[in-house]
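Participant: Dropping the structure in here first, questions after.
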Amino acid sequence: MNESWIAVGRLIRARGIRGELIGEIYSSQPGRVEKLRTVMLAVGDRQRTAEVERVWHHDGRPVFKFAGIDSMSDAEAWAGADMLVAEGERAVPEAGEYSHADLIGCQVLDCSSKGGEQPIGVVTGVQDFGSAPLLVVEAAGGREVLVPFVRAICNGIDVEAKIIRAELPEGLLDL
């Protein structure tokens, strides 16, 4: 692959018998999912280019139909796949906004303790259900911590250095 590809979403599971897949998109820009035309699907060591035939929404999540994926068993083979677009097709966030793809892989540091910055873990995903997004952080031992992605908590964001400094509310890590 000569081109640089950027993850813009993930396929969660097959839906129905016509080869559709429920997905999640790593963008909060309205209408972004409808602009996807050609994506690279990648899961494990398999990948393929796929044309988006149509997208519709069910229970707040996008449902994708790709050309050539026409049955439930075809779709099940791509459950868990990343959806990637060429770097040039990436939606550019506005000033003060961050792409979910840029946040994934960032180290989260807790700056609220008196002992200085304490590493919490690495962002592995972003959950965005309409209110404040939640950073899915894999902490020590594989434990998952959800950190609200709001300025009052995440107040030092450096996507170039892949670091997010956060002032975590007391007790958040105990949940």
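Identifiers for the structure tokens are assigned positionally: chains receive A, B, ... in sequence, residues are indexed from 1 per chain, and ligands are indexed from 1 in the order shown.
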Can you tell me, as an mmCIF file with C-alpha atoms, in the first residue's frame, what residues are no more than 12 Å from Gln107 in chain A when counting only C-alpha atoms, ignoring any on the same chain fewer than 2 positions away?
Facilitator:
data_model
loop_
_atom_site.group_PDB
_atom_site.id
_atom_site.type_symbol
_atom_site.label_atom_id
_atom_site.label_comp_id
_atom_site.auth_asym_id
_atom_site.auth_seq_id
_atom_site.Cartn_x
_atom_site.Cartn_y
_atom_site.Cartn_z
ATOM 1 C CA ASP A 102 -6.160 11.337 16.579
ATOM 2 C CA LEU A 103 -7.200 10.588 20.165
ATOM 3 C CA ILE A 104 -6.797 6.819 19.851
ATOM 4 C CA GLY A 105 -3.336 5.838 20.996
ATOM 5 C CA LEU A 109 -2.035 11.188 32.462
ATOM 6 C CA ASP A 110 -3.857 12.043 35.693
ATOM 7 C CA GLU A 117 1.394 13.225 36.616
ATOM 8 C CA GLN A 118 0.314 9.604 37.013
ATOM 9 C CA PRO A 119 -0.185 7.436 33.893
ATOM 10 C CA ILE A 120 -3.708 6.039 33.610
ATOM 11 C CA GLY A 121 -3.516 4.168 30.308
ATOM 12 C CA VAL A 122 -3.923 4.468 26.551
ATOM 13 C CA VAL A 123 -7.025 5.587 24.627
ATOM 14 C CA THR A 124 -8.329 2.599 22.656
ATOM 15 C CA LEU A 135 -12.531 8.171 26.084
ATOM 16 C CA VAL A 136 -12.153 4.411 26.416
ATOM 17 C CA VAL A 137 -8.843 4.026 28.229
ATOM 18 C CA GLU A 138 -7.082 0.705 28.686
ATOM 19 C CA ALA A 139 -5.488 0.926 32.121
ATOM 20 C CA CYS A 154 -9.214 16.817 29.729
ATOM 21 C CA GLY A 156 -4.107 19.380 28.183
ATOM 22 C CA ILE A 157 -4.455 17.723 24.780
ATOM 23 C CA ASP A 158 -1.426 17.261 22.563
ATOM 24 C CA VAL A 159 -2.308 14.884 19.720
ATOM 25 C CA GLU A 160 1.118 15.374 18.114
ATOM 26 C CA ALA A 161 2.841 14.051 21.255
ATOM 27 C CA LYS A 162 -0.042 11.578 21.838
ATOM 28 C CA ILE A 163 -0.638 12.836 25.401
ATOM 29 C CA ILE A 164 -3.831 13.880 27.179
ATOM 30 C CA ARG A 165 -3.469 15.488 30.598
ATOM 31 C CA ALA A 166 -6.592 15.105 32.713
#
Participant: If you run DSSP on this backbone, which residues of range 9-141 of chain A come out as strand (DSSP E or B), and could you give them as a PyMOL selection string?
Facilitator: chain A and resi 9-15+20-25+38-43+46-58+61-66+82-86+107-110+118-127+134-139
Participant: Name the closest residue to Val8 in chain A among the candidates A:Val52, A:Leu146, A:Ala77, A:Ala101; distances are taken between atoms, counting only C-alpha atoms.
Facilitator: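 When distances to Val8 in chain A are compared using only C-alpha atoms, the smallest one comes from A:Ala101.
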Participant: At what distance in Å, to one decimal, does CA of Gly60 in chain A lie from CA of Gly16 in chain A?
Facilitator: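 Interatomic distance, CA of Gly16 in chain A to CA of Gly60 in chain A: 16.7 Å.
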Participant: Looking at A:Ile25, A:Leu168, A:Leu41, A:Val145, which one is nearest to Phe129 in chain A, with distances taken over only C-alpha atoms?
Facilitator: A:Ile25
Participant: From the list A:Glu34, A:Met40, A:Gly141, A:Val147, which residue is nearest Leu84 in chain A when using only C-alpha atoms?
Facilitator: A:Met40
Participant: Extract the full set of helix (DSSP H, G or I) residues from range 10-145 of chain A according to DSSP on the backbone, and format it as a list in words.
Facilitator: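 Output for range 10-145 of chain A, helix (DSSP H, G or I) only: Val33, Glu34, Lys35, Met72, Ser73, Asp74, Ala75, Glu76, Glu87, Gly88, Glu89, His100, Ala101, Asp102, Leu103, Ala140, Gly141 and Gly142 of chain A.
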Participant: List the neighbours of Glu89 in chain A out to 10 Å using only C-alpha atoms; skip same-chain residues closer than 6 positions along the sequence, and give me the result as a PDB file with C-alpha atoms, in the first residue's frame.
Facilitator:
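Output below, filename part-v1.pdb:
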ATOM      1  CA  TRP A   5      -4.745   5.164   5.499  1.00  0.00           C
ATOM      2  CA  ILE A   6      -6.521   6.607   8.554  1.00  0.00           C
ATOM      3  CA  LYS A  35     -19.784  11.085   2.746  1.00  0.00           C
ATOM      4  CA  LEU A  36     -17.919   7.769   2.860  1.00  0.00           C
ATOM      5  CA  ARG A  37     -17.651   6.227  -0.611  1.00  0.00           C
ATOM      6  CA  THR A  38     -14.633   3.937  -0.693  1.00  0.00           C
ATOM      7  CA  VAL A  39     -13.064   2.498   2.436  1.00  0.00           C
TER       8      VAL A  39
END
Participant: Nearest to Asp45 in chain A: which of A:Leu173, A:Ala81, A:Val126, A:Leu134 is it, counting only C-alpha atoms?
Facilitator: A:Ala81
Participant: Choose the residue, out of A:Ala79, A:Val43, A:Ala50, A:Met72, that has the smallest atom-to-atom separation from Ile22 in chain A; count only C-alpha atoms.
Facilitator: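 Looking only at the distances to Ile22 in chain A, the closest residue turns out to be A:Ala79.
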Participant: Pick out the closest residue to Ser4 in chain A from this set: A:Gly96, A:Gly31, A:Gly88, A:Gly23. Count only C-alpha atoms.
Facilitator: A:Gly88
